[in-house]
file target34.txt (compact mmCIF, C-alpha atoms)
# COMPACT_ATOMS: atom_id res chain seq x y z
CA MET A 1 52.54 -17.35 72.59
CA ARG A 2 55.85 -18.58 71.14
CA GLU A 3 58.80 -19.30 73.37
CA PRO A 4 61.71 -16.83 73.24
CA SER A 5 64.18 -17.95 70.58
CA SER A 6 67.31 -16.39 72.07
CA SER A 7 68.88 -15.38 75.36
CA PHE A 8 68.31 -11.76 74.35
CA GLU A 9 64.57 -12.29 74.02
CA THR A 10 64.57 -14.29 77.26
CA ASP A 11 66.20 -11.36 79.08
CA ILE A 12 63.56 -8.98 77.74
CA ALA A 13 60.74 -11.33 78.66
CA MET A 14 62.05 -11.80 82.20
CA GLU A 15 62.54 -8.07 82.67
CA ALA A 16 59.04 -7.37 81.42
CA ALA A 17 57.51 -10.13 83.53
CA SER A 18 59.01 -8.61 86.67
CA GLY A 19 57.38 -5.23 85.95
CA THR A 20 53.82 -3.97 86.24
CA GLY A 21 50.62 -5.95 85.75
CA ASP A 22 50.07 -4.24 82.41
CA CYS A 23 53.44 -5.49 81.19
CA LYS A 24 52.63 -9.02 82.34
CA ARG A 25 49.29 -8.87 80.53
CA ALA A 26 51.07 -7.85 77.32
CA GLN A 27 53.33 -10.88 77.70
CA ARG A 28 50.40 -13.28 78.13
CA ASP A 29 48.37 -11.81 75.26
CA PRO A 30 50.50 -10.23 72.51
CA ASP A 31 47.44 -8.63 70.92
CA VAL A 32 46.41 -6.67 74.04
CA ALA A 33 48.13 -3.72 75.72
CA PRO A 34 46.56 -0.72 77.49
CA PRO A 35 46.48 2.59 75.55
CA ILE A 36 48.85 4.20 78.05
CA VAL A 37 51.61 1.90 76.77
CA TYR A 38 51.21 3.31 73.26
CA ALA A 39 51.36 6.86 74.67
CA ILE A 40 54.55 6.05 76.58
CA PHE A 41 56.29 4.71 73.48
CA LEU A 42 55.10 7.75 71.51
CA ALA A 43 56.67 10.00 74.16
CA LEU A 44 59.88 7.96 74.10
CA GLY A 45 60.07 8.43 70.33
CA ILE A 46 59.67 12.19 70.77
CA GLY A 47 62.37 12.30 73.45
CA THR A 48 64.76 10.35 71.25
CA LEU A 49 65.08 12.87 68.40
CA LEU A 50 63.83 16.15 69.90
CA PRO A 51 67.29 17.57 70.79
CA PHE A 52 68.79 16.83 67.37
CA ASN A 53 65.79 18.38 65.61
CA VAL A 54 66.13 21.52 67.73
CA PHE A 55 69.77 22.00 66.75
CA VAL A 56 69.19 21.28 63.06
CA THR A 57 65.94 23.22 62.61
CA GLU A 58 67.24 26.28 64.47
CA ARG A 59 70.37 26.47 62.33
CA ALA A 60 69.90 30.20 61.65
CA PHE A 61 69.64 30.95 65.38
CA PHE A 62 72.91 29.18 66.15
CA GLU A 63 74.60 30.81 63.14
CA VAL A 64 73.71 34.27 64.44
CA ARG A 65 74.57 33.59 68.07
CA SER A 66 77.85 31.83 67.30
CA HIS A 67 79.15 34.90 65.45
CA VAL A 68 78.86 37.24 68.45
CA GLU A 69 82.39 38.34 69.36
CA PRO A 70 84.59 36.94 70.80
CA THR A 71 84.16 33.70 68.88
CA TRP A 72 85.98 31.02 66.89
CA HIS A 73 85.22 32.04 63.31
CA ALA A 74 86.29 28.77 61.71
CA ALA A 75 83.73 26.88 63.81
CA ALA A 76 81.06 29.59 63.63
CA ASP A 77 81.24 29.72 59.82
CA ASN A 78 80.68 25.95 59.61
CA ILE A 79 78.36 25.37 62.56
CA GLU A 80 75.66 23.61 60.52
CA ASN A 81 78.15 21.08 59.15
CA LEU A 82 79.71 20.60 62.58
CA ILE A 83 76.31 19.96 64.18
CA VAL A 84 75.32 17.32 61.62
CA ILE A 85 78.73 15.63 61.41
CA SER A 86 79.30 15.45 65.18
CA PHE A 87 75.84 13.98 65.75
CA GLN A 88 76.07 11.40 62.96
CA ILE A 89 79.57 10.22 63.88
CA LEU A 90 78.82 9.83 67.60
CA ASN A 91 75.46 8.21 66.84
CA PHE A 92 77.13 5.64 64.57
CA VAL A 93 79.91 4.97 67.09
CA GLY A 94 77.32 4.55 69.84
CA LEU A 95 75.30 2.02 67.86
CA VAL A 96 78.40 0.01 66.94
CA ALA A 97 79.56 0.03 70.56
CA LEU A 98 76.18 -1.27 71.75
CA LEU A 99 76.30 -4.08 69.19
CA ALA A 100 79.78 -5.03 70.36
CA LEU A 101 78.77 -5.40 74.01
CA PRO A 102 78.70 -9.04 75.18
CA ARG A 103 75.48 -8.41 77.13
CA ARG A 104 72.68 -5.91 76.69
CA PRO A 105 72.61 -3.12 79.31
CA SER A 106 69.49 -2.69 81.43
CA PHE A 107 66.57 -0.64 80.15
CA ARG A 108 67.32 1.94 82.85
CA THR A 109 70.77 2.40 81.30
CA LEU A 110 69.51 2.42 77.71
CA ILE A 111 66.45 4.62 78.25
CA GLY A 112 66.42 6.36 81.64
CA TRP A 113 69.86 7.93 81.75
CA PRO A 114 69.90 8.99 78.06
CA LEU A 115 66.62 10.84 78.64
CA VAL A 116 68.25 12.66 81.55
CA GLY A 117 71.18 13.51 79.27
CA ASN A 118 68.88 14.85 76.56
CA ALA A 119 67.09 16.99 79.14
CA ALA A 120 70.43 18.44 80.25
CA VAL A 121 71.37 19.28 76.65
CA MET A 122 68.01 20.97 76.12
CA ALA A 123 68.53 22.97 79.33
CA GLY A 124 71.87 24.16 77.96
CA ALA A 125 70.25 25.21 74.67
CA LEU A 126 67.58 27.08 76.66
CA ALA A 127 70.29 28.90 78.63
CA VAL A 128 71.94 29.95 75.35
CA ALA A 129 68.63 31.32 74.09
CA ALA A 130 67.88 33.15 77.34
CA VAL A 131 71.23 34.97 77.66
CA TRP A 132 71.24 37.14 74.53
CA GLY A 133 74.66 38.75 75.04
CA LEU A 134 76.50 35.44 75.40
CA PRO A 135 79.75 35.43 73.35
CA GLY A 136 79.84 33.18 70.30
CA GLY A 137 82.65 31.14 71.81
CA ALA A 138 80.45 30.25 74.78
CA VAL A 139 77.57 29.35 72.45
CA LEU A 140 79.84 26.98 70.53
CA THR A 141 81.11 25.49 73.78
CA VAL A 142 77.55 24.61 74.78
CA ALA A 143 76.09 23.67 71.38
CA LEU A 144 78.75 21.46 69.80
CA PRO A 145 79.51 19.17 72.76
CA GLY A 146 75.77 19.06 73.47
CA VAL A 147 74.80 17.86 70.02
CA ALA A 148 77.68 15.35 70.04
CA ALA A 149 76.41 13.99 73.36
CA THR A 150 72.92 13.59 71.91
CA GLY A 151 74.45 11.41 69.19
CA VAL A 152 75.40 8.89 71.90
CA THR A 153 72.17 9.24 73.91
CA THR A 154 70.10 8.87 70.75
CA ALA A 155 71.91 5.64 69.88
CA MET A 156 71.14 4.28 73.36
CA LEU A 157 67.49 5.38 73.17
CA GLN A 158 67.04 3.87 69.72
CA ALA A 159 68.37 0.52 70.94
CA GLY A 160 66.48 0.59 74.23
CA THR A 161 63.07 1.77 73.07
CA LEU A 162 62.90 -0.61 70.11
CA ALA A 163 64.02 -3.55 72.26
CA LEU A 164 61.40 -2.71 74.88
CA ALA A 165 58.70 -2.13 72.24
CA ALA A 166 59.43 -5.62 70.88
CA VAL A 167 57.95 -7.04 74.09
CA PHE A 168 54.58 -5.54 73.16
CA PRO A 169 52.35 -5.82 70.05
CA PRO A 170 53.95 -4.54 66.81
CA VAL A 171 51.93 -1.31 66.85
CA HIS A 172 54.14 -0.06 69.68
CA ILE A 173 57.20 -0.04 67.41
CA GLN A 174 55.11 2.15 65.11
CA ALA A 175 54.47 4.40 68.13
CA VAL A 176 58.21 4.91 68.64
CA LEU A 177 58.72 5.81 64.97
CA ALA A 178 55.67 8.08 65.01
CA GLY A 179 57.08 9.87 68.07
CA GLN A 180 60.34 10.51 66.24
CA ALA A 181 58.36 12.04 63.36
CA VAL A 182 56.33 14.15 65.79
CA ALA A 183 59.57 15.50 67.29
CA GLY A 184 60.64 16.87 63.92
CA LEU A 185 57.21 18.26 63.10
CA ALA A 186 56.76 19.92 66.49
CA VAL A 187 60.10 21.72 66.29
CA ALA A 188 59.41 22.89 62.72
CA VAL A 189 55.95 24.21 63.64
CA ALA A 190 57.29 25.94 66.77
CA SER A 191 60.06 27.55 64.71
CA PHE A 192 57.58 28.78 62.10
CA VAL A 193 55.22 30.24 64.70
CA THR A 194 58.08 31.93 66.57
CA VAL A 195 59.55 33.54 63.46
CA TRP A 196 56.13 34.55 62.14
CA GLY A 197 55.17 36.28 65.36
CA ALA A 198 58.56 37.83 66.17
CA THR A 199 59.24 41.56 66.00
CA PRO A 200 62.90 42.40 65.23
CA GLU A 201 64.55 44.64 67.83
CA VAL A 202 66.71 47.59 66.86
CA GLY A 203 70.36 46.65 67.07
CA SER A 204 69.75 42.89 67.24
CA PRO A 205 72.20 40.69 65.34
CA THR A 206 71.27 39.66 61.81
CA PRO A 207 72.27 36.50 59.94
CA ARG A 208 75.48 36.73 57.94

call {"tool": "encode", "arguments": {"input": "target34.txt", "output": "structure tokens"}}
result
Amino acid sequence: MREPSSSFETDIAMEAASGTGDCKRAQRDPDVAPPIVYAIFLALGIGTLLPFNVFVTERAFFEVRSHVEPTWHAAADNIENLIVISFQILNFVGLVALLALPRRPSFRTLIGWPLVGNAAVMAGALAVAAVWGLPGGAVLTVALPGVAATGVTTAMLQAGTLALAAVFPPVHIQAVLAGQAVAGLAVAVASFVTVWGATPEVGSPTPR
């Protein structure tokens, strides 16, 4: 196996070598890694883009809920644009900030804590869905900061998971990308099944 060509690669190699036996085995033989490693990177890819896909795919849901009075009509009328713009700007800023750091943060910082943050954002979205009479202003207060936060956490996860996957055979980078694709597909399928099987209630809000 080739020697690491930079201090960055040396840091990754040392961090991997101090981990589990499976990680050490991957370092000794770059063509061998247990199947569970592929599954882990697939799950990390799903966790990276799942929150953003939920907000974008369920645009109609957030449009309806954000217009429940009292609300901020300027934001409610443009919620789709605000979701996409806030995510993309914070994601770009996060990636640039990570590149500007003099030393790479630990994998716990780049992967562990962003996953916790994504879980918190998803919990907030679940609360919005569960409380039907929530005012539109409260929905916007939860949704817009939440999707902006996922822009930063996604940047950290993208940097961390790809750096960690580089320690293993190349197929594990494919696993991360496949997981990101699965996140989008899973949300789209869940949305289709939910709408297809839903029965509208009398008096429920309708899209504008």

call {"tool": "atom_distance", "arguments": {"input": "target34.txt", "atom1": "atom CA of A:Phe52", "atom2": "atom CA of A:Pro102"}}
result
28.8 Å

call {"tool": "residues_around", "arguments": {"input": "target34.txt", "residues": "A:His73", "least_positions_apart": "5", "cutoff": "9 Å", "atoms": "all atoms listed in the file", "output": "list in words"}}
result
Ser66, His67, Asn78, Gly136 and Gly137 of chain A

call {"tool": "closest_atom_pairs", "arguments": {"input": "target34.txt", "of": "stretch 114-160 of chain A", "to": "stretch 176-196 of chain A", "cutoff": "12 Å", "atoms": "only C-alpha atoms", "output": "CSV"}}
result
residue,atom,partner,partner_atom,distance
A:Thr154,CA,A:Gln180,CA,10.9
A:Leu157,CA,A:Val176,CA,10.3
A:Gln158,CA,A:Val176,CA,9.0
A:Ala159,CA,A:Val176,CA,11.3
A:Gly160,CA,A:Val176,CA,10.9

call {"tool": "closest_residue", "arguments": {"input": "target34.txt", "among": "A:Phe92, A:Trp72, A:Phe107, A:Phe61", "to": "A:Ala163", "atoms": "all atoms listed in the file"}}
result
A:Phe107

call {"tool": "residues_around", "arguments": {"input": "target34.txt", "residues": "stretch 80-82 of chain A", "least_positions_apart": "4", "cutoff": "9 Å", "atoms": "all atoms listed in the file", "output": "PyMOL selection string"}}
result
chain A and resi 55-56+59-60+62-63+75-76+86-87+144

call {"tool": "closest_residue", "arguments": {"input": "target34.txt", "among": "A:Val147, A:Ala165, A:Ile173, A:Ile40", "to": "A:Ile89", "atoms": "all atoms listed in the file"}}
result
A:Val147

call {"tool": "residues_near_point", "arguments": {"input": "target34.txt", "point": "(70.3, 9.9, 77.6)", "cutoff": "9 Å", "atoms": "only C-alpha atoms", "output": "PyMOL selection string"}}
result
chain A and resi 48+109-120+149-150+152-157

call {"tool": "atom_distance", "arguments": {"input": "target34.txt", "atom1": "atom CA of A:Leu50", "atom2": "atom CA of A:Ala125"}}
result
12.1 Å

call {"tool": "residues_around", "arguments": {"input": "target34.txt", "residues": "A:Gly124", "least_positions_apart": "5", "cutoff": "9 Å", "atoms": "only C-alpha atoms", "output": "PyMOL selection string"}}
result
chain A and resi 119+129+142-143+146

call {"tool": "axis_aligned_box", "arguments": {"input": "target34.txt", "around": "stretch 152-161 of chain A", "padding_each_side": "3 Å", "output": "JSON"}}
result
{"center_x": 69.2, "center_y": 4.9, "center_z": 72.0, "size_x": 18.3, "size_y": 14.7, "size_z": 10.5}

call {"tool": "atom_distance", "arguments": {"input": "target34.txt", "atom1": "atom CA of A:Val64", "atom2": "atom CA of A:Thr141"}}
result
14.8 Å

call {"tool": "closest_residue", "arguments": {"input": "target34.txt", "among": "A:Ile46, A:Leu164, A:Ala123, A:Ala175", "to": "A:Arg104", "atoms": "only C-alpha atoms"}}
result
A:Leu164

call {"tool": "closest_residue", "arguments": {"input": "target34.txt", "among": "A:Gly151, A:Gly197, A:Thr161, A:Gly47", "to": "A:Ile85", "atoms": "all atoms listed in the file"}}
result
A:Gly151
